[in-house]
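What follows is one structure encoded as structure tokens, with my remarks underneath.
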Amino acid sequence: MISPIAMPLETPAPGSSPSCAAADKSGLCDFVWDTFNSKWLAESSYWVLVKPLTILMIIIIALIIRAIIHRAVDRLIRHTVADNEAGGSVLRPLRKRLPTLTAPSERRNQRARALGSVLRSIVSAVVFSIAAMLVLGEIGIDLAPLLASAGIAGLAIGFGAQNLVKDFIAGLFMLLEDQYGVGDVVDVGETSGTVEAVGLRITTIRDAAGVVWYVRNGEIVRVGNKSQGWAVVNIDVPVGFVSVDQATAVLQATAEEFAADPDFADDFMDPPKVLGVEQLTADGAVLRTTVKTSNEAQWRIGRELRRRLMESLERAGIAAQLTAARMYIRPANGDGEPGQSGPA
């Protein structure tokens with residue numbers, strides 16, 4: 001029987017070596033080359049084993065880093081929510097640490113969760129972008145032209161979508177600074193009403209007529225928030241030409257009685273005051289009564305105080321004098337008889 005002649009896989013040329021020898025840091029290419037003396041097999045082992053394993057390791061490390069940072073963010077959010085329930089907060093601005101300016105804990109919880117979602121998204125984008133560039137580098141793609149093209153594209157997008165970028169940045173700082181939240185009554189210039197939704201790009205506001213307004217965060221130049229901390233209710237009451245001291249005493253007594261009412265006493269932060277004459281008009285003096293109250297009770301307190309002040313003026317007879325002061329005598333008619341009196 002004739003035995004087959006063993007043929008070598010490849011006869012290496014003198015001084016030749018596989019191209020993967022210098023690039024492969026693991027030593028697998030050199031090991032296959034020294035063992036089998038096959039340039040093709042050595043290079044194939046590099047592209048079939050080393051490269052995929054390297055790419056797989058990059059992806060696994062990226063996922064691990066992302067998971068670690070996400071877990072740290074989640075722990076920070078849970079710690080913040082726990083502090084909110086206990087009366088403190090990590091993410092609260094300094095002005096919110098005053099006892100009289102403490103925002104509701106549920107609102108701070110929503111804000112903390114929103115910031116956590118934004119941070120997790122940013123972390124995922126950064127980690128996966130770096131991982132993608134490392135993978136492309138392992139494949140052999142030159143990253144220099146790619147990064148240059150990405151920079152030019154980013155510059156073009158930045159100029160074309162600068163309003164969008166402006167909206168996102170304004171929305172992020174709005175969340176960080178806690179300028180307003182869902183349920184707040186705000187005035188943003190041409191629109192005022194109750195905030196129904198807060199996003200990084202759009203804030204949704206429903207006005208008193210029920211109209212829903214979608215306001216871009218980048219277009220908000222100033223914000224008047226009527227729901228943070230405390231509020232001052234100013235009520236101007238016309239008293240005509242009666243004694244100012246008498247009218248002041250009546251209004252002050254009524255306001256103090258109102259502040260002592262058990263149903264409303266918890267809403268008062270300071271005793272009410274009658275400041276005195278605010279205006280002088282053709283109909284007489286206008287007295288101002290001021291009350292410092294909590295932000296959520298300002299409208300309820302204002303409506304009830306107006307009702308009580310008007311009733312007290314009626315009982316004191318001041319309202320009747322104010323009405324009489326507005327009566328006038330009509331000039332004589334054609335028969336020489338005086339006209340009847342009537343309201344002004």
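Ligands are numbered from 1 in the order shown, chains are lettered A, B, ... in the order of the structure tokens, and residues start at 1 in each chain.
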task: Could you give me, as a PyMOL selection string, each residue of segment 67-239 of chain A that DSSP assigns to alpha helix (DSSP H) when run on this structure's backbone?
output: chain A and resi 67-86+105-139+143-160+162-177
Taking only residues of segment 160-182 of chain A that have an atom at most 6 Å from an atom of segment 213-237 of chain A, what is each one's shortest atom pair and its distance in Å to one decimal, using only C-alpha atoms, in chain and number order, as CSV?
```
residue,atom,partner,partner_atom,distance
A:Lys166,CA,A:Gly218,CA,5.3
A:Asp167,CA,A:Gly218,CA,4.1
A:Ala170,CA,A:Gly218,CA,5.5
A:Gly171,CA,A:Asn217,CA,5.6
```
Export N, CA, C and O atoms of the chosen residues as a compact mmCIF listing (two decimals), in the first residue's frame?
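result22.txt written:
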```txt
# COMPACT_ATOMS: atom_id res chain seq x y z
N LYS A 166 -31.23 75.29 22.12
CA LYS A 166 -31.54 76.31 23.12
C LYS A 166 -32.69 75.88 24.01
O LYS A 166 -32.67 76.08 25.24
N ASP A 167 -33.72 75.25 23.41
CA ASP A 167 -34.86 74.77 24.19
C ASP A 167 -34.43 73.70 25.18
O ASP A 167 -34.84 73.71 26.35
N ALA A 170 -32.30 75.24 28.03
CA ALA A 170 -33.16 76.01 28.94
C ALA A 170 -34.01 75.08 29.79
O ALA A 170 -34.21 75.32 30.99
N GLY A 171 -34.53 74.00 29.18
CA GLY A 171 -35.33 73.05 29.96
C GLY A 171 -34.52 72.34 31.02
O GLY A 171 -35.01 72.10 32.14
```
- request: Would you please work out which residue, of A:Ile152, A:Val186, A:Ile169, A:Ala62, is nearest to Met133 of chain A when using only C-alpha atoms?
  value: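 Of all the options, A:Ala62 lies closest to Met133 of chain A.
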message: Give me, as a PyMOL selection string, all polymer residues having an atom no more than 12 Å from Ile65 of chain A, counting only C-alpha atoms and skipping those fewer than 2 positions away in the same chain.
response: chain A and resi 58-63+67-72+120+123-124+126-128+130-131
Excluding Ile205 of chain A and residues on its chain fewer than 3 positions from it, collect all residues at most 6 Å away from it, counting only C-alpha atoms, and give them as a PDB file with N, CA and C atoms, in the first residue's frame.
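Listing of selection22.pdb after writing:
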```pdb
ATOM      1  N   GLY A 193     -51.125  80.755  33.516  1.00  0.00           N
ATOM      2  CA  GLY A 193     -52.063  79.699  33.853  1.00  0.00           C
ATOM      3  C   GLY A 193     -51.383  78.630  34.680  1.00  0.00           C
ATOM      4  N   THR A 194     -51.978  77.441  34.688  1.00  0.00           N
ATOM      5  CA  THR A 194     -51.488  76.318  35.485  1.00  0.00           C
ATOM      6  C   THR A 194     -50.628  75.397  34.617  1.00  0.00           C
ATOM      7  N   VAL A 195     -49.453  75.046  35.118  1.00  0.00           N
ATOM      8  CA  VAL A 195     -48.548  74.165  34.394  1.00  0.00           C
ATOM      9  C   VAL A 195     -49.102  72.743  34.443  1.00  0.00           C
ATOM     10  N   GLU A 196     -49.302  72.140  33.281  1.00  0.00           N
ATOM     11  CA  GLU A 196     -49.824  70.776  33.205  1.00  0.00           C
ATOM     12  C   GLU A 196     -48.738  69.755  32.883  1.00  0.00           C
ATOM     13  N   VAL A 212     -55.062  75.401  26.155  1.00  0.00           N
ATOM     14  CA  VAL A 212     -53.766  74.786  26.420  1.00  0.00           C
ATOM     15  C   VAL A 212     -52.706  75.450  25.548  1.00  0.00           C
ATOM     16  N   TRP A 213     -51.655  75.956  26.176  1.00  0.00           N
ATOM     17  CA  TRP A 213     -50.563  76.619  25.469  1.00  0.00           C
ATOM     18  C   TRP A 213     -49.310  75.754  25.566  1.00  0.00           C
TER      19      TRP A 213
END
```
